[in-house]
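Novice: Below you will find the structure I want to go over with you.
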Amino acid sequence: MKIQPLDDRVLVEPAAESQTTASGIIIPDTAKEKPRRGTVIAVGNDEELKKLLKKGDEILYGKYAGDEISYDGKDYLILSQGDILAKLK
Amino acid sequence: MKIQPLDDRVLVEPAAESQTTASGIIIPDTAKEKPRRGTVIAVGNDEELKKLLKKGDEILYGKYAGDEISYDGKDYLILSQGDILAKLK
Amino acid sequence: MKIQPLDDRVLVEPAAESQTTASGIIIPDTAKEKPRRGTVIAVGNDEELKKLLKKGDEILYGKYAGDEISYDGKDYLILSQGDILAKLK
Amino acid sequence: MKIQPLDDRVLVEPAAESQTTASGIIIPDTAKEKPRRGTVIAVGNDEELKKLLKKGDEILYGKYAGDEISYDGKDYLILSQGDILAKLK
Amino acid sequence: MKIQPLDDRVLVEPAAESQTTASGIIIPDTAKEKPRRGTVIAVGNDEELKKLLKKGDEILYGKYAGDEISYDGKDYLILSQGDILAKLK
Amino acid sequence: MKIQPLDDRVLVEPAAESQTTASGIIIPDTAKEKPRRGTVIAVGNDEELKKLLKKGDEILYGKYAGDEISYDGKDYLILSQGDILAKLK
Amino acid sequence: MKIQPLDDRVLVEPAAESQTTASGIIIPDTAKEKPRRGTVIAVGNDEELKKLLKKGDEILYGKYAGDEISYDGKDYLILSQGDILAKLK
């Protein structure tokens with residue numbers, strides 16, 4: 001069984017809070033309570049959305065965005081496309 | 001007699017509150033007051049909606065979403081499509 | 001003289017508050033102050049609406065929806081289509 | 001000189017507050033402060049509106065709807081189409 | 001130099017507060033603080049608007065509507081079309 | 001270097017506060033804290049806007065409208081088209 | 001790895017707070033807490049947006065606009081097109 005987001009929603013696995021990547025992205029002070037970076041796990045059925053994002057993309061999203069769910073002991077977020085600020089390439 | 005939701009609404013039987021499925025989906029702490037997972041019982045007449053959901057689908061929905069009704073001693077929710085976050089496959 | 005709702009409105013005769021039908025529909029606790037079930041008496045001139053509802057249909061509607069009027073000693077509601085959750089079949 | 005409502009507006013002469021018609025329409029308790037029934041005096045230039053209402057129609061309208069004006073010693077309301085709940089036939 | 005309203009706006013010279021016309025229009029009690037009747041001085045460039053109103057038309061408008069400006073010692077209002085309730089003919 | 005407003009925005013040099021023009025326009029009492037008249041310095045790229053306004057036009061605008069910026073020691077406003085009430089001709 | 005804004009968003013490097021350019025642009029008093037001027041680093045995939053802005057453009061933006069992120073030790077903003085007031089040329 002897997003989670004398939006509807007419409008323009010995206011299932012995201014949030015990055016750990018204090019993560020610093022090889023390329024040096026650090027979550028700024030004002031965002032310390034919650035990670036704002038994550039990995040796309042599944043993309044909704046919206047055609048526009050599918051052109052922009054695919055499974056595995058790393059994204060930045062608004063600090064209080066999305067609905068939290070948990071699955072197999074991990075926490076995920078379901079975000080709407082409008083909550084997603086940028087893709088990391 | 002049965003309940004036929006109108007437009008983009010869906011009749012849903014909410015899952016029991018502390019339910020853990022075989023595939024390991026657990027409702028997270030922040031959602032403990034109310035189940036956020038359910039089974040689609042009937043789908044409204046909206047064409048877009050019918051392509052996305054059918055009777056028997058398991059869905060995740062927003063914590064305070066929908067209108068509660070009861071029927072034959074069971075509690076149901078009538079949700080709008082916008083309240084439905086994801087489908088479980 | 002009769003009451004003809006305009007646009008996407010519906011004239012509804014609310015069911016008595018504690019009514020239990022043969023098929024077992026009961027208004028849940030949270031809705032006890034007001035009936036949320038009724039019978040369609042007249043349908044507005046909206047074409048979309050006419051496809052969905054006709055005189056005599058039993059419907060479920062939002063708890064605080066609609067405008068109350070009285071006619072020949074009976075109370076009625078004028079509901080908009082968006083207030084109507086489901087049709088009972 | 002006469003008053004010609006613009007767009008989708010309607011000039012209405014409100015019925016007297018406690019009026020009971022031959023066909024038995026009574027304004028319910030919750031509406032006692034203000035009449036909610038009136039007669040159409042003039043209809044705006046909106047094409048959709050002209051199909052629905054004409055001079056002389058009796059209508060029901062929302063309790064706090066419209067702008068009051070007075071003309072030749074009588075009080076009138078200027079209502080928008082969206083304030084009009086039903087037509088009496 | 002003259003004032004040309006933009007879009008769907010109208011330049012209006014408000015009538016004096018307690019004015020009673022030959023045809024008997026009186027501003028009602030609830031509107032006594034401010035006149036609600038005026039004469040159109042200039043009409044914006046909106047095509048729809050130009051069909052409805054022209055220079056010299058007398059209009060009724062919402063009590064708190066518009067922006068006040070003064071010109072050559074007289075006070076005027078700039079109203080949007082949506083603030084204009086009716087035309088007097 | 002110059003300031004080019006985007007979309008339907010306009011760069012405006014506000015008139016001095018108590019300015020009275022040859023044609024007699026005076027800012028009314030209620031607007032004394034801030035000028036509401038100015039001169040268009042640059043027009044955004046919106047096609048509709050370009051038909052209505054050009055560099056050098058004098059305009060009236062809403063009292064609290066726009067974002068203030070300063071450039072070469074002068075104060076300017078960036079207004080949206082919707083903030084502009086009228087053009088002076 | 002680089003940051004690619006989605007939709008109509010723009011990645012911006014804010015100018016230092018008290019910066020005065022050769023051409024004399026100074027951030028006004030009311031904006032002293034935060035710079036309102038920046039340089040475009042990356043532009044989203046929105047076609048309309050791409051016609052207006054490109055990498056390297058200097059822009060003015062609303063004082064409290066955007067989401068802050070940091071990357072390689074520098075602070076950036078992700079702005080929506082609607083937050084951008086003007087381009088400096």
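In the structure tokens, each chain is lettered A, B, ... as it comes, each chain's residues begin at 1, and ligands are numbered from 1 in order of appearance.
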So that each row is one residue of chain A with an atom at most 9 Å from chain B, can you give its shortest atom pair and the distance in Å to one decimal, using only C-alpha atoms, rows by chain and rising number, as a Markdown table?

Specialist:
| residue | atom | partner | partner_atom | distance |
| --- | --- | --- | --- | --- |
| A:Met1 | CA | B:Lys89 | CA | 4.9 |
| A:Lys2 | CA | B:Lys89 | CA | 5.0 |
| A:Ile3 | CA | B:Leu88 | CA | 4.6 |
| A:Gln4 | CA | B:Lys87 | CA | 5.0 |
| A:Pro5 | CA | B:Ala86 | CA | 3.9 |
| A:Leu6 | CA | B:Ala86 | CA | 5.0 |
| A:Asp7 | CA | B:Leu85 | CA | 8.5 |
| A:Arg9 | CA | B:Leu85 | CA | 7.2 |
| A:Leu11 | CA | B:Ala86 | CA | 8.6 |
| A:Gly44 | CA | B:Ala86 | CA | 8.2 |
| A:Asn45 | CA | B:Leu52 | CA | 8.6 |
| A:Asp67 | CA | B:Gly62 | CA | 7.5 |
| A:Glu68 | CA | B:Pro28 | CA | 7.6 |
| A:Ile69 | CA | B:Pro28 | CA | 6.0 |
| A:Ser70 | CA | B:Pro28 | CA | 5.7 |
| A:Tyr71 | CA | B:Ile25 | CA | 4.5 |
| A:Asp72 | CA | B:Gly24 | CA | 4.8 |
| A:Gly73 | CA | B:Gly24 | CA | 7.5 |
| A:Asp75 | CA | B:Pro28 | CA | 8.1 |
| A:Ile78 | CA | B:Leu85 | CA | 7.0 |
| A:Leu79 | CA | B:Leu85 | CA | 8.8 |

Novice: Store the residues of this selection in a file with C-alpha atoms, as a PDB file, in the first residue's frame.

Specialist:
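Output (result.pdb):
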ATOM      1  CA  MET A   1       0.000   0.000   0.000  1.00  0.00           C
ATOM      2  CA  LYS A   2       1.264   3.478  -0.840  1.00  0.00           C
ATOM      3  CA  ILE A   3       0.027   7.068  -0.464  1.00  0.00           C
ATOM      4  CA  GLN A   4      -1.109   8.747  -3.693  1.00  0.00           C
ATOM      5  CA  PRO A   5      -1.723  12.498  -3.242  1.00  0.00           C
ATOM      6  CA  LEU A   6      -4.789  13.926  -5.026  1.00  0.00           C
ATOM      7  CA  ASP A   7      -4.928  16.903  -7.403  1.00  0.00           C
ATOM      8  CA  ARG A   9      -0.729  17.764  -3.783  1.00  0.00           C
ATOM      9  CA  LEU A  11       3.816  13.739  -0.563  1.00  0.00           C
ATOM     10  CA  GLY A  44      -0.631  14.195  -7.390  1.00  0.00           C
ATOM     11  CA  ASN A  45      -2.525  13.739 -10.635  1.00  0.00           C
ATOM     12  CA  ASP A  67      -0.669  18.237   6.651  1.00  0.00           C
ATOM     13  CA  GLU A  68       1.439  15.791   8.637  1.00  0.00           C
ATOM     14  CA  ILE A  69       0.841  12.065   8.345  1.00  0.00           C
ATOM     15  CA  SER A  70       2.975   9.115   9.434  1.00  0.00           C
ATOM     16  CA  TYR A  71       3.596   5.902   7.551  1.00  0.00           C
ATOM     17  CA  ASP A  72       5.745   2.908   8.564  1.00  0.00           C
ATOM     18  CA  GLY A  73       7.095   4.927  11.474  1.00  0.00           C
ATOM     19  CA  ASP A  75       6.674  11.358   9.290  1.00  0.00           C
ATOM     20  CA  ILE A  78       1.192  16.396   2.180  1.00  0.00           C
ATOM     21  CA  LEU A  79       1.782  19.784   0.554  1.00  0.00           C
TER      22      LEU A  79
END

Novice: Give me, please, the distance in Å between atom CA of F:Asp83 and atom CA of F:Ala15, quoted to one decimal.

Specialist: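 So the two atoms, atom CA of F:Asp83 and atom CA of F:Ala15, lie 15.9 Å apart.
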